[in-house]
Each structure stands twice: as structure tokens, then as C-alpha cells.
Amino acid sequence: MFSTNIFKAYDIRGVYKQDFEAKDAIKIGQAFAEFLRTNKRKPLTVIVGRDNRLSSPALTKAIKEGIKLQGVNIIDIGLSTTPMFYFGVNFLKADGGIMVTASHNPPEYNGFKMVREEAIPISEDSGIKEIKKMVLGGKFTKRKPGTEIKKNITNAYIKFNLDFLDQSKIAPLKIAVDTANASSGVLIPKIAEKIKKTKFYHLFSELDGRFPNHNPDPLTKENLIHLQKEVLKKKADLGVAFDGDGDRTVFVDEKGKAISGDLITALIAKIILREKPGEKILYDVRSSKTVGEVIKENNGKPVFCRVGHSFIKEKMRQEDIIFGGELSGHYYLRENHFCETPFFVLFKIMEEISQEKKPFSKIIKPLQRYAYSGEINFEVKDKDKTMKLIEKHFKGKKCKVSHLDGTKMDFGDWWFLVRPSNTEPLLRLIVETKDKKTMKEKIKKIEGIIKK
């Protein structure tokens, strides 16, 4: 029943009652508590939050039992989004925390996102391997049990986010929101109450851990269909979809067209740098060349980073970076301890639409400079061998090669990136060129090498 495959690069995740059970969560809680205890003599307190999956209450109970068995105290914040959980770790000055969630995965999945103090992620290289070793060992020191209290931080979290919004800059707006029957659904009505000039049309607001309307993954095109229709039906200025644990957002313009996450990063960079020129802005290796260009054009300093929230947060801390964005819709803010801050991005877009007095599509249009493929997935058995074949084919031609995250080859007037998936037998390809015709030709060429 218990599968070691649940220990991933950034979290612990699998199919509940197939890959792991509640009894396994007790051991994970014990191992997490012991991991945090290393080199710390003081009494420890951790935050525990959960999403609204059907299995989350049972897993939360089990993880808390394990943590308390090892003498660590708990503040249970109850139903939460992951960004709210991160906020809670900092707001309550905890020594770490566990969020019970499987993010954007289908309802049968569940798992745990773990952090240290200041909501610093615990990833494969910074603790998950050690926690896995302790879980498999199964032997833990007997300690005096920890305590547990409950705290509701929802209002504090909403106030923290609303402080980023200048309501004097907001024109009357209509916004469609899809929370996919997931935990962000609790926050939207409370935020809508506070923003008087904006009318929110809230899709799938009721909490339902079965996610009956669609899976809570807004990066999958079919999961955006309801939102796109609602934007057009209500003649909304903007649409926004949240994923299962609320740490990713996908934006849709007034025509119902989804906007790529890297262009949102470019737009927010432009907005931030108006007031704070000279700041560093981070973007991931998959992003369009547009992002770096916009940062430079607006007197900012572009910083390139590999994919993954733990790498990004670490880089942002090291270099004191004000804002970072990923193609996948994660957006990070220094003022929020370098954690995901989706409402900050939403509010800045609302201000921009209001101030520019233009439709969102026209605000984005100047940023759509190139033909960009987005991620194309190929099933590949030997990912490393295939990547080497692709590089060998193109090497020798005038290009810059980067192995920061997969293989990226930049020829000046076009570039491509091939990256292996961490969890599936997939190779992910992105191509960006000056026009669609060239893009299709390049994709076909690389696809031919992959299929060989």
C-alpha cells in the first residue's frame, strides 16, 4: 500500500488509499517534527492548514497526531489556501508548517507541502530526502506530547492583501472568477465585500472536494472553458482562475483569451518598475524573451532562474528580488517573504485596466512580440539521450547554450528549450520565433529528432 514514489522534488503527494494512508501520515508528521527539531533546543510551534479535498480532514488529523507525538506544538489554521498558509507561518512567527493539499491534482490525490521558518520551502535537496529516510526507518524518540490550538487568520490575510490595492485608482470593473469548488472560494466573497466598485461573478464558489465541475488545474485548456464563457456572457473586463490550493492563477482577457503567465510577469514588472526603478525582477527559463526586454526597457534588472518554487524563493532571498513570476502562474513577492501572492497580481492588473482606460487585451498586446509555442509534451523513455541528440543536431550553429534547466539553445532570432519532467516520462518543448510560420517549422524539425 505505501509507495515511496510519493516523495517528490517539492512536496509529498500521491493517490490517497492507493499510495499512502492516514497511518503513513502519522509517521510523516513525526519525521517532519524531528527534522525541524535538528539543532533547535527551544519548544517548537508549527502551522497546519488544509485544502478542502474529501481526504484532507482525515490526513490533517493524522499529520497533527504525528507532529504532537514528537513534542512539537501546533497552531491549526483550518481550511486555507497555500498562500494563506505561508502567510500564517510568518504572521504567527512559527518554526515551520505543513499544508495538507495536492494542489491542482484530481480529487483522488492528496499530500503535504512543508516549510521551515519564514515559510522557506522544504524540497528534495533541503529535507524531503531526510524525512523520507526517517519515515522508512520508522523509529522515533518518545517525547512529551505537544499541544494544539486553533486560530482563524482569514481576516488578517485579507487585510494584508487589500493593503496592496489603491481603491482610489479603481474604476467600476466586472471580474469573473473561477475557484473550481476549491479553497480560494472562501476568500473571494470576503474580498468582493471590501472592493465596492468591482462586481465579481464567482463561478463554482461552493466548496466541494470532488471538484465536480472541472479539475482545479487552470493550465489545462478545457478547465478554462467555463470562465471564458462567463467573461463573454457578463462582458467582464477580466477573468481569473485559481488552482486547487490557490497558489496559481491564470488570467483571461475581456475577449475570453487566456494570457500566458510570462506576459503577466512582464506586465507586473512594468507596473512595479514605474515606482521602483532599478529593482530586480525574476522570471523562469521557459519565459518569452519579452520578459527580459520589458524589464530592461523599464530600468529594471532581469534575473533568470530555473523552474520550481523552492529554487525561485531561494534565488529571490539571495539577491533581494522584489518580484518573480513563473510561466505556470506562480507569482512571488518580497513583501510577502518571497512567497506566492496571487491577489497582489490581480489588484495590480485591476489598477492598470482602470488607469489606462483600455481593455485588458490592448494592455497585453504590446507584450505579444513573438510567436511562442507554450509547453508541448512528448512521451520519451530516455529523456537524457533525446536531449543530447537534439543538442548535437543544432550545435555548431551560432547559438548560446544553457543547461541551467534542461537544454536551452538561443540563436538570436529564435530559441528553444527542452526540459525533462521530474515526475513523468515526458520531455517538454518550448519554441519562440519571430512569426508563426517559422515557429511551426522549428517545432516540426525538433519533433522529428524526438521521434527518431
# chains A, B, ... in the order shown; residues from 1 in each chain; ligands from 1
>>> residues_around(residues="Phe242 of chain A", least_positions_apart="4", cutoff="10 Å", atoms="only C-alpha atoms", output="PyMOL selection string")
chain A and resi 104+177-185+216-219+246-251+329+342
>>> closest_residue(among="A:Gly448, A:Gly49, A:Gly406, A:Gly146", to="Thr81 of chain A", atoms="only C-alpha atoms")
A:Gly49
>>> closest_residue(among="A:Ile363, A:Leu44, A:Ile149, A:Leu79", to="Lys93 of chain A", atoms="only C-alpha atoms")
A:Leu44
>>> select_by_dssp(residues="segment 204-437 of chain A", states="alpha helix (DSSP H)", output="MDAnalysis selection string")
chainID A and resid 225:234 261:275 289:297 309:319 342:356 360:364 383:394 436:437
>>> residues_around(residues="segment 2-12 of chain A", least_positions_apart="3", cutoff="12 Å", atoms="only C-alpha atoms", output="ChimeraX atom specification")
/A:15-25,27-29,32,98-103,109-115,120-133,135-136,307-311,421-424
>>> write_last_selection(atoms="C-alpha atoms", output="mmCIF file, in the first residue's frame")
data_model
loop_
_atom_site.group_PDB
_atom_site.id
_atom_site.type_symbol
_atom_site.label_atom_id
_atom_site.label_comp_id
_atom_site.auth_asym_id
_atom_site.auth_seq_id
_atom_site.Cartn_x
_atom_site.Cartn_y
_atom_site.Cartn_z
ATOM 1 C CA VAL A 15 -3.276 8.915 -4.574
ATOM 2 C CA TYR A 16 -4.859 8.593 -1.124
ATOM 3 C CA LYS A 17 -5.544 4.974 -0.053
ATOM 4 C CA GLN A 18 -3.566 3.718 -3.032
ATOM 5 C CA ASP A 19 -0.098 5.210 -2.478
ATOM 6 C CA PHE A 20 -0.476 6.041 1.229
ATOM 7 C CA GLU A 21 -2.972 6.072 4.106
ATOM 8 C CA ALA A 22 -3.657 8.124 7.227
ATOM 9 C CA LYS A 23 -1.377 5.859 9.316
ATOM 10 C CA ASP A 24 1.511 6.796 6.981
ATOM 11 C CA ALA A 25 0.698 10.468 7.541
ATOM 12 C CA LYS A 27 4.893 8.840 10.510
ATOM 13 C CA ILE A 28 5.359 11.736 8.062
ATOM 14 C CA GLY A 29 4.241 14.108 10.836
ATOM 15 C CA PHE A 32 8.746 16.356 9.889
ATOM 16 C CA ILE A 98 2.583 21.571 6.856
ATOM 17 C CA MET A 99 -0.163 22.250 4.333
ATOM 18 C CA VAL A 100 -2.363 19.248 3.539
ATOM 19 C CA THR A 101 -3.018 19.567 -0.203
ATOM 20 C CA ALA A 102 -2.433 18.027 -3.615
ATOM 21 C CA SER A 103 -2.519 21.437 -5.303
ATOM 22 C CA TYR A 109 -4.822 12.791 -4.819
ATOM 23 C CA ASN A 110 -3.566 14.385 -1.629
ATOM 24 C CA GLY A 111 -0.287 15.219 0.057
ATOM 25 C CA PHE A 112 1.800 17.641 2.077
ATOM 26 C CA LYS A 113 3.689 20.869 1.376
ATOM 27 C CA MET A 114 6.267 21.509 4.082
ATOM 28 C CA VAL A 115 8.130 24.649 5.126
ATOM 29 C CA ILE A 120 11.128 28.595 3.435
ATOM 30 C CA PRO A 121 10.256 25.508 1.327
ATOM 31 C CA ILE A 122 11.478 22.047 2.269
ATOM 32 C CA SER A 123 12.336 20.404 -1.046
ATOM 33 C CA GLU A 124 14.009 17.137 -2.050
ATOM 34 C CA ASP A 125 17.501 18.571 -1.511
ATOM 35 C CA SER A 126 16.684 20.578 1.619
ATOM 36 C CA GLY A 127 14.881 17.986 3.731
ATOM 37 C CA ILE A 128 12.442 15.675 1.899
ATOM 38 C CA LYS A 129 15.153 13.006 1.445
ATOM 39 C CA GLU A 130 15.892 13.105 5.202
ATOM 40 C CA ILE A 131 12.191 12.982 6.078
ATOM 41 C CA LYS A 132 11.720 10.025 3.700
ATOM 42 C CA LYS A 133 14.628 8.190 5.393
ATOM 43 C CA VAL A 135 9.619 7.591 7.638
ATOM 44 C CA LEU A 136 11.080 4.386 6.183
ATOM 45 C CA VAL A 307 11.755 26.279 -12.783
ATOM 46 C CA GLY A 308 10.423 25.421 -9.296
ATOM 47 C CA HIS A 309 9.202 27.451 -6.342
ATOM 48 C CA SER A 310 11.983 26.341 -3.980
ATOM 49 C CA PHE A 311 14.717 27.442 -6.431
ATOM 50 C CA SER A 421 9.595 16.269 -16.413
ATOM 51 C CA ASN A 422 10.549 15.422 -12.807
ATOM 52 C CA THR A 423 7.624 13.068 -12.334
ATOM 53 C CA GLU A 424 6.579 11.655 -15.737
#
>>> closest_residue(among="A:Ser354, A:Asn223, A:Ser373, A:Thr147", to="Phe204 of chain A", atoms="only C-alpha atoms")
A:Asn223
>>> select_by_dssp(residues="segment 147-260 of chain A", states="strand (DSSP E)", output="list of chain:residue names")
A:Glu148, A:Ile149, A:Lys150, A:Leu173, A:Lys174, A:Ile175, A:Ala176, A:Val177, A:Asp178, A:Thr198, A:Lys199, A:Phe200, A:Tyr201, A:His202, A:Leu203, A:Leu238, A:Gly239, A:Val240, A:Ala241, A:Phe242, A:Thr249, A:Val250, A:Phe251, A:Val252, A:Ala258, A:Ile259
>>> write_last_selection(atoms="N, CA, C and O atoms", output="short mmCIF file (atom, residue, chain, number, x, y, z; two decimals), in the first residue's frame")
data_model
loop_
_atom_site.label_atom_id
_atom_site.label_comp_id
_atom_site.auth_asym_id
_atom_site.auth_seq_id
_atom_site.Cartn_x
_atom_site.Cartn_y
_atom_site.Cartn_z
N GLU A 148 -1.97 21.75 21.10
CA GLU A 148 -2.62 22.22 19.88
C GLU A 148 -3.62 23.32 20.20
O GLU A 148 -4.39 23.21 21.16
N ILE A 149 -3.59 24.40 19.41
CA ILE A 149 -4.62 25.43 19.48
C ILE A 149 -5.11 25.72 18.06
O ILE A 149 -4.42 25.40 17.08
N LYS A 150 -6.29 26.31 17.95
CA LYS A 150 -6.82 26.69 16.64
C LYS A 150 -6.83 28.22 16.52
O LYS A 150 -7.11 28.91 17.49
N LEU A 173 -15.43 47.97 -12.32
CA LEU A 173 -14.98 46.84 -13.13
C LEU A 173 -15.90 45.64 -12.94
O LEU A 173 -16.57 45.51 -11.90
N LYS A 174 -15.87 44.75 -13.92
CA LYS A 174 -16.56 43.46 -13.80
C LYS A 174 -15.51 42.36 -13.97
O LYS A 174 -14.78 42.36 -14.97
N ILE A 175 -15.45 41.47 -12.98
CA ILE A 175 -14.42 40.42 -13.00
C ILE A 175 -15.08 39.06 -12.77
O ILE A 175 -15.83 38.87 -11.81
N ALA A 176 -14.78 38.12 -13.66
CA ALA A 176 -15.25 36.74 -13.50
C ALA A 176 -14.15 35.94 -12.80
O ALA A 176 -12.97 36.07 -13.16
N VAL A 177 -14.54 35.16 -11.81
CA VAL A 177 -13.58 34.39 -11.02
C VAL A 177 -14.04 32.94 -10.96
O VAL A 177 -15.20 32.66 -10.67
N ASP A 178 -13.12 32.01 -11.23
CA ASP A 178 -13.41 30.58 -11.12
C ASP A 178 -12.49 29.98 -10.06
O ASP A 178 -11.27 29.94 -10.24
N THR A 198 -16.15 47.14 -7.73
CA THR A 198 -15.97 45.98 -8.62
C THR A 198 -17.07 44.95 -8.41
O THR A 198 -17.38 44.59 -7.27
N LYS A 199 -17.62 44.48 -9.51
CA LYS A 199 -18.63 43.41 -9.47
C LYS A 199 -17.93 42.09 -9.79
O LYS A 199 -17.32 41.94 -10.85
N PHE A 200 -17.96 41.15 -8.85
CA PHE A 200 -17.34 39.84 -9.05
C PHE A 200 -18.42 38.82 -9.42
O PHE A 200 -19.44 38.71 -8.75
N TYR A 201 -18.18 38.08 -10.49
CA TYR A 201 -19.04 36.97 -10.89
C TYR A 201 -18.29 35.69 -10.55
O TYR A 201 -17.31 35.35 -11.20
N HIS A 202 -18.75 35.02 -9.50
CA HIS A 202 -17.98 33.93 -8.90
C HIS A 202 -18.51 32.57 -9.36
O HIS A 202 -19.61 32.15 -8.99
N LEU A 203 -17.72 31.87 -10.16
CA LEU A 203 -18.08 30.54 -10.63
C LEU A 203 -17.59 29.47 -9.65
O LEU A 203 -16.47 29.56 -9.13
N LEU A 238 -12.22 41.22 -17.16
CA LEU A 238 -11.12 40.33 -16.81
C LEU A 238 -11.67 39.04 -16.25
O LEU A 238 -12.74 39.02 -15.64
N GLY A 239 -10.95 37.94 -16.46
CA GLY A 239 -11.29 36.67 -15.82
C GLY A 239 -10.06 36.13 -15.11
O GLY A 239 -8.94 36.34 -15.57
N VAL A 240 -10.27 35.47 -13.98
CA VAL A 240 -9.14 34.87 -13.27
C VAL A 240 -9.55 33.51 -12.71
O VAL A 240 -10.63 33.35 -12.14
N ALA A 241 -8.69 32.51 -12.93
CA ALA A 241 -8.94 31.15 -12.43
C ALA A 241 -7.86 30.79 -11.42
O ALA A 241 -6.68 31.03 -11.65
N PHE A 242 -8.29 30.22 -10.29
CA PHE A 242 -7.37 29.77 -9.24
C PHE A 242 -7.26 28.24 -9.30
O PHE A 242 -8.22 27.56 -9.65
N THR A 249 -2.53 31.28 -10.54
CA THR A 249 -3.64 31.96 -11.17
C THR A 249 -3.40 32.07 -12.67
O THR A 249 -2.27 32.27 -13.10
N VAL A 250 -4.47 31.92 -13.43
CA VAL A 250 -4.43 32.12 -14.88
C VAL A 250 -5.43 33.22 -15.21
O VAL A 250 -6.57 33.20 -14.74
N PHE A 251 -4.99 34.20 -16.02
CA PHE A 251 -5.83 35.35 -16.36
C PHE A 251 -6.36 35.23 -17.79
O PHE A 251 -5.69 34.72 -18.67
N VAL A 252 -7.58 35.74 -17.95
CA VAL A 252 -8.27 35.71 -19.23
C VAL A 252 -8.68 37.14 -19.57
O VAL A 252 -9.20 37.85 -18.70
N ALA A 258 -6.99 33.32 -22.91
CA ALA A 258 -6.05 33.11 -21.78
C ALA A 258 -4.73 33.81 -22.08
O ALA A 258 -4.22 33.75 -23.20
N ILE A 259 -4.20 34.49 -21.07
CA ILE A 259 -2.93 35.20 -21.22
C ILE A 259 -1.82 34.38 -20.58
O ILE A 259 -1.93 33.97 -19.42
#
>>> residues_around(residues="Met387 of chain A", least_positions_apart="3", cutoff="9 Å", atoms="only C-alpha atoms", output="list of chain:residue names")
A:Asp382, A:Lys383, A:Asp384, A:Ile390, A:Glu391, A:Lys392, A:Gly406, A:Thr407, A:Val418, A:Arg419, A:Pro420, A:Leu427, A:Ile450
>>> atom_distance(atom1="atom CA of Val89 of chain A", atom2="atom CA of Asp245 of chain A")
16.1 Å
>>> atom_distance(atom1="atom CA of Pro106 of chain A", atom2="atom CA of Glu222 of chain A")
14.0 Å
>>> closest_residue(among="A:Lys362, A:Lys139, A:Lys194, A:Lys398", to="Asp163 of chain A", atoms="only C-alpha atoms")
A:Lys194
>>> atom_distance(atom1="atom CA of Val401 of chain A", atom2="atom CA of Leu417 of chain A")
9.8 Å
